[in-house]
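Visitor: Contents of protein.cif (mmCIF, C-alpha atoms and all ligand atoms):
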data_query
#
loop_
_atom_site.label_atom_id
_atom_site.label_comp_id
_atom_site.auth_asym_id
_atom_site.auth_seq_id
_atom_site.Cartn_x
_atom_site.Cartn_y
_atom_site.Cartn_z
CA MET A 1 91.48 84.82 146.50
CA LYS A 2 91.75 87.97 148.56
CA LEU A 3 89.27 90.83 148.47
CA GLU A 4 91.29 93.58 146.77
CA HIS A 5 88.75 96.37 146.38
CA ILE A 6 85.07 97.26 146.45
CA GLY A 7 83.84 99.25 143.46
CA ILE A 8 81.15 101.88 143.97
CA ALA A 9 79.32 103.44 141.03
CA VAL A 10 78.89 107.19 141.43
CA LYS A 11 77.30 109.94 139.35
CA ASP A 12 79.81 112.68 140.12
CA LEU A 13 83.37 111.61 140.96
CA GLU A 14 84.45 115.03 142.21
CA LYS A 15 81.56 115.27 144.70
CA SER A 16 81.96 111.63 145.75
CA ASN A 17 85.70 112.11 146.27
CA GLU A 18 84.88 114.88 148.75
CA LEU A 19 82.23 112.74 150.45
CA PHE A 20 84.52 109.70 150.82
CA ALA A 21 87.47 111.86 151.91
CA ALA A 22 85.25 113.28 154.68
CA LEU A 23 84.00 109.79 155.57
CA LEU A 24 87.43 108.15 155.65
CA GLY A 25 89.38 111.14 156.97
CA LYS A 26 91.86 111.07 154.07
CA PRO A 27 91.80 111.93 150.39
CA HIS A 28 91.91 109.55 147.42
CA TYR A 29 95.43 108.58 146.39
CA LYS A 30 94.84 108.45 142.65
CA ILE A 31 92.43 109.27 139.87
CA GLU A 32 92.64 107.22 136.73
CA GLU A 33 90.63 107.14 133.54
CA VAL A 34 90.33 103.75 131.83
CA VAL A 35 89.27 104.81 128.35
CA SER A 36 88.80 101.24 127.08
CA GLU A 37 86.32 100.59 129.94
CA LYS A 38 84.71 104.05 129.58
CA VAL A 39 85.21 104.86 133.26
CA LYS A 40 86.91 107.42 135.44
CA THR A 41 88.03 105.97 138.77
CA SER A 42 89.47 107.11 142.06
CA PHE A 43 91.00 105.00 144.81
CA PHE A 44 91.01 105.25 148.61
CA LYS A 45 93.22 103.24 150.94
CA THR A 46 91.23 101.71 153.78
CA GLY A 47 93.76 99.15 154.94
CA LYS A 48 92.94 96.11 152.85
CA PRO A 49 90.74 96.14 150.73
CA LYS A 50 90.60 99.50 148.93
CA ILE A 51 87.60 101.51 147.78
CA GLU A 52 87.28 102.32 144.07
CA LEU A 53 84.81 104.98 142.97
CA LEU A 54 83.67 104.67 139.35
CA GLU A 55 82.09 107.41 137.28
CA ALA A 56 80.80 106.75 133.76
CA GLY A 57 83.09 108.01 131.02
CA SER A 58 80.28 108.04 128.46
CA GLU A 59 76.53 107.44 128.22
CA ASP A 60 76.97 103.89 126.90
CA SER A 61 79.39 102.89 129.66
CA ALA A 62 78.58 99.94 131.95
CA ILE A 63 78.58 102.39 134.89
CA ALA A 64 76.03 104.71 133.23
CA LYS A 65 73.75 101.73 132.53
CA PHE A 66 74.13 100.46 136.08
CA ILE A 67 73.25 103.84 137.67
CA GLU A 68 70.30 104.31 135.34
CA LYS A 69 68.89 100.91 136.31
CA ARG A 70 69.87 100.61 139.96
CA GLY A 71 71.11 104.02 141.14
CA GLU A 72 74.46 104.76 142.77
CA GLY A 73 75.90 102.04 145.00
CA ILE A 74 78.11 98.99 145.27
CA HIS A 75 78.95 97.91 141.74
CA HIS A 76 81.44 95.06 142.11
CA LEU A 77 83.73 93.10 144.39
CA ALA A 78 87.26 92.57 143.11
CA PHE A 79 89.38 89.60 144.15
CA GLU A 80 93.14 89.55 143.68
CA VAL A 81 94.45 86.31 142.15
CA LYS A 82 97.99 85.15 141.42
CA ASP A 83 97.32 83.74 137.96
CA ILE A 84 94.28 85.31 136.33
CA LYS A 85 94.28 83.09 133.21
CA LYS A 86 94.39 79.95 135.34
CA GLU A 87 91.52 81.24 137.54
CA MET A 88 89.44 82.15 134.48
CA LYS A 89 89.84 78.59 133.15
CA ARG A 90 89.07 77.07 136.55
CA LEU A 91 85.91 79.14 137.04
CA GLU A 92 84.70 78.62 133.47
CA LYS A 93 84.93 74.85 133.99
CA LEU A 94 82.80 75.27 137.12
CA GLY A 95 80.07 76.97 135.05
CA PHE A 96 80.67 80.64 135.90
CA ARG A 97 80.01 83.09 133.04
CA ILE A 98 83.30 84.81 132.27
CA LEU A 99 82.67 88.09 130.48
CA ASN A 100 85.91 88.38 128.53
CA LYS A 101 88.00 85.76 126.78
CA GLU A 102 91.33 87.31 127.72
CA PRO A 103 92.29 89.44 130.72
CA LYS A 104 92.15 93.16 129.93
CA LYS A 105 93.91 96.21 131.33
CA GLY A 106 92.01 97.77 134.26
CA ALA A 107 92.69 100.64 136.64
CA ASP A 108 95.45 100.73 139.27
CA ASN A 109 98.00 98.60 137.42
CA LYS A 110 95.89 95.45 137.09
CA MET A 111 94.91 92.90 134.51
CA ILE A 112 91.21 92.22 135.06
CA CYS A 113 88.25 90.11 134.00
CA PHE A 114 84.61 90.05 135.06
CA LEU A 115 82.13 87.30 135.96
CA HIS A 116 78.53 87.94 134.98
CA PRO A 117 76.40 88.80 138.05
CA LYS A 118 73.72 86.35 136.88
CA SER A 119 76.17 83.51 137.59
CA THR A 120 77.29 84.89 140.98
CA ASN A 121 74.12 85.53 142.99
CA GLY A 122 73.58 88.99 141.50
CA VAL A 123 77.00 90.40 142.42
CA LEU A 124 79.40 91.50 139.68
CA ILE A 125 82.78 89.91 140.45
CA GLU A 126 86.11 91.17 139.14
CA LEU A 127 89.27 89.10 139.18
CA CYS A 128 92.45 91.12 139.14
CA GLN A 129 96.15 90.40 138.92
CA THR A 130 98.79 93.04 139.59
CA ILE A 131 100.96 93.81 136.56
CA LYS A 132 104.58 93.27 137.50
CA GLU A 133 106.86 96.14 136.50
N1 LIG B 201 75.94 94.21 139.66
C1 LIG B 201 74.83 93.43 139.70
N2 LIG B 201 73.99 93.29 138.64
C2 LIG B 201 74.28 93.99 137.53
C3 LIG B 201 75.42 94.81 137.43
C4 LIG B 201 76.27 94.91 138.56
N3 LIG B 201 77.36 95.68 138.54
N4 LIG B 201 75.44 95.38 136.20
C5 LIG B 201 74.36 94.92 135.55
N5 LIG B 201 73.67 94.09 136.35
C6 LIG B 201 72.43 93.37 136.03
C7 LIG B 201 71.35 94.31 135.54
O1 LIG B 201 70.62 94.88 136.61
C8 LIG B 201 70.50 93.39 134.71
O2 LIG B 201 69.68 92.61 135.52
P1 LIG B 201 68.14 92.34 135.10
O3 LIG B 201 68.23 91.62 133.78
O4 LIG B 201 67.63 91.49 136.22
O5 LIG B 201 67.53 93.69 135.00
C9 LIG B 201 71.53 92.45 134.08
O6 LIG B 201 72.69 92.50 134.94
C10 LIG B 201 71.93 92.87 132.69
O7 LIG B 201 72.27 94.24 132.77
P2 LIG B 201 72.28 95.25 131.55
O8 LIG B 201 72.05 96.61 132.07
O9 LIG B 201 71.40 94.74 130.44
O10 LIG B 201 73.76 95.25 131.14
P3 LIG B 201 74.57 94.27 130.22
O11 LIG B 201 74.05 92.88 130.20
O12 LIG B 201 74.76 94.98 128.93
O13 LIG B 201 75.92 94.32 131.04
C11 LIG B 201 77.47 93.47 132.55
C12 LIG B 201 76.01 93.86 132.34
C13 LIG B 201 77.69 93.10 133.98
C14 LIG B 201 77.76 92.29 131.62
C15 LIG B 201 78.34 94.70 132.14
O14 LIG B 201 77.99 95.79 132.94
C16 LIG B 201 79.80 94.43 132.22
O15 LIG B 201 80.41 93.82 131.34
N6 LIG B 201 80.45 94.88 133.30
C17 LIG B 201 81.85 94.67 133.45
C18 LIG B 201 82.62 95.84 132.92
C19 LIG B 201 82.63 96.97 133.89
O16 LIG B 201 81.80 97.04 134.78
N7 LIG B 201 83.62 97.87 133.71
C20 LIG B 201 83.79 98.99 134.57
C21 LIG B 201 84.86 98.75 135.65
C22 LIG B 201 86.26 99.03 135.19
C23 LIG B 201 87.39 98.87 136.23
O17 LIG B 201 87.17 98.55 137.42
O18 LIG B 201 88.56 99.07 135.82
#
How would this structure read if it were set down as structure tokens?
Ligand code: CMX
Guide:
Amino acid sequence: MKLEHIGIAVKDLEKSNELFAALLGKPHYKIEEVVSEKVKTSFFKTGKPKIELLEAGSEDSAIAKFIEKRGEGIHHLAFEVKDIKKEMKRLEKLGFRILNKEPKKGADNKMICFLHPKSTNGVLIELCQTIKE
């Protein structure tokens, strides 16, 4: 597994885009809304891995809940895998809590799934596999 991106939960994507552009010395390269996940995201290239900013798309979104409970900050680590279904089966057998039965469509052309932070030392883990065109 390779670290693909670090997700950061933010309250205001527009303001955070400006802040991270100033920090990194370059603007985000894409903004994408993932309606099914109730999030609006933006991505920054930082070599490898990338930075993903995530703003809640609605009040009941996982990002809104996270910020309410814990404030803005690092939300998840995403690892790129070659075969997401195989990895999900492997990790489930090892006792990790996989949050979705099937991979789902995430931002930035990926199929994704999440592991519950309670089974991974308090860190939300995303597995992602690039969708081949
Ligand atoms: N990192 C670490 N801990 C987290 C967390 C996170 N990102 N999100 C929630 N938690 C913790 C909470 O603090 C809480 O801990 P305590 O019980 O000790 O207080 C516990 O997990 C349960 O949290 P909750 O607020 O009750 O939330 P839920 O159980 O309803 O949901 C989770 C938690 C992780 C299952 C849910 O947020 C989820 O499914 N996340 C994955 C989906 C997601 O984040 N989508 C957005 C990204 C989309 C993309 O990248 O494309």
Visitor: Considering only C-alpha atoms, can you say which of A:Pro27, A:Leu53, A:Lys93, A:Thr120 comes closest to Ile74 of chain A?
Guide: A:Leu53
Visitor: Under the rule that all atoms listed in the file are counted, which of A:Lys45, A:Lys40, A:Lys82, A:Lys65 is the nearest residue to Ala21 of chain A?
Guide: A:Lys45
Visitor: Taking all atoms listed in the file and a cut-off of 7 Å, can you tell me which residues surround ligand LIG 201 (chain B), written as a list in words?
Guide: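 Those within range of ligand LIG 201 (chain B) are Gly7, Val34, Glu37, Val39, Ala62, Ile63, Lys65, Phe66, Lys69, Arg70, His75, His76, Leu99, Gly106, Ala107, Phe114, His116, Pro117, Lys118, Gly122, Val123 and Leu124 of chain A.
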Visitor: Please measure the separation of atom CA of Ile6 of chain A and atom CA of Ala78 of chain A, giving the value in Å to one decimal.
Guide: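 Here the two named atoms are 6.2 Å from each other.
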Visitor: For the atom pair atom CA of Gly95 of chain A and atom CA of Cys113 of chain A, what is the interatomic distance in Å to one decimal place?
Guide: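 Taking atom CA of Gly95 of chain A as the start and atom CA of Cys113 of chain A as the end point, the length is 15.5 Å.
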Visitor: Which of these residues is nearest to Ile84 of chain A, using only C-alpha atoms: A:Glu126, A:Glu18, A:Glu133, A:Glu4?
Guide: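 Distance minimum relative to Ile84 of chain A lands on A:Glu126.
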Visitor: What is the distance between atom CA of Asp60 of chain A and atom CA of Glu80 of chain A, in Å to one decimal?
Guide: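 That distance, rounded to one decimal, is 27.4 Å.
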Visitor: Do you know which residues are at most 12 Å from Lys26 of chain A counting only C-alpha atoms, after dropping those on the same chain fewer than 3 positions away, and could you put them as a list in words?
Guide: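 That gives Asn17, Glu18, Leu19, Phe20, Ala21, Ala22, Leu23, Tyr29, Phe43, Phe44, Lys45 and Thr46 of chain A.
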Visitor: Looking at only C-alpha atoms, which of A:Asp12, A:Leu94, A:Glu87, A:Glu32 is the one that sits closest to Ala56 of chain A?
Guide: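 Under the stated criterion, the closest residue is A:Asp12.
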Visitor: Of the residues A:Asn121, A:Ser36, A:Lys50, A:Val10, which is the one nearest to Leu24 of chain A, using all atoms listed in the file?
Guide: A:Lys50
Visitor: Go through A:Asn100, A:Thr41, A:Ser16, A:Ser61 and flag the residue nearest Leu115 of chain A, using only C-alpha atoms for the distances.
Guide: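 Under the stated criterion, the closest residue is A:Asn100.
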Visitor: Set the distance at 10 Å and use all atoms listed in the file: which residues neighbour Lys2 of chain A once local chain neighbours fewer than 3 positions away are removed? I'd like the list as a tab-separated table (two decimals) with C-alpha atoms, in the coordinates of the input.
Guide:
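Below is the file result.tsv, written as the result:
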chain	number	residue	atom	x	y	z
A	5	HIS	CA	88.75	96.37	146.38
A	48	LYS	CA	92.94	96.11	152.85
A	49	PRO	CA	90.74	96.14	150.73
A	78	ALA	CA	87.26	92.57	143.11
A	79	PHE	CA	89.38	89.60	144.15
A	80	GLU	CA	93.14	89.55	143.68
A	81	VAL	CA	94.45	86.31	142.15
A	82	LYS	CA	97.99	85.15	141.42
A	127	LEU	CA	89.27	89.10	139.18
A	128	CYS	CA	92.45	91.12	139.14
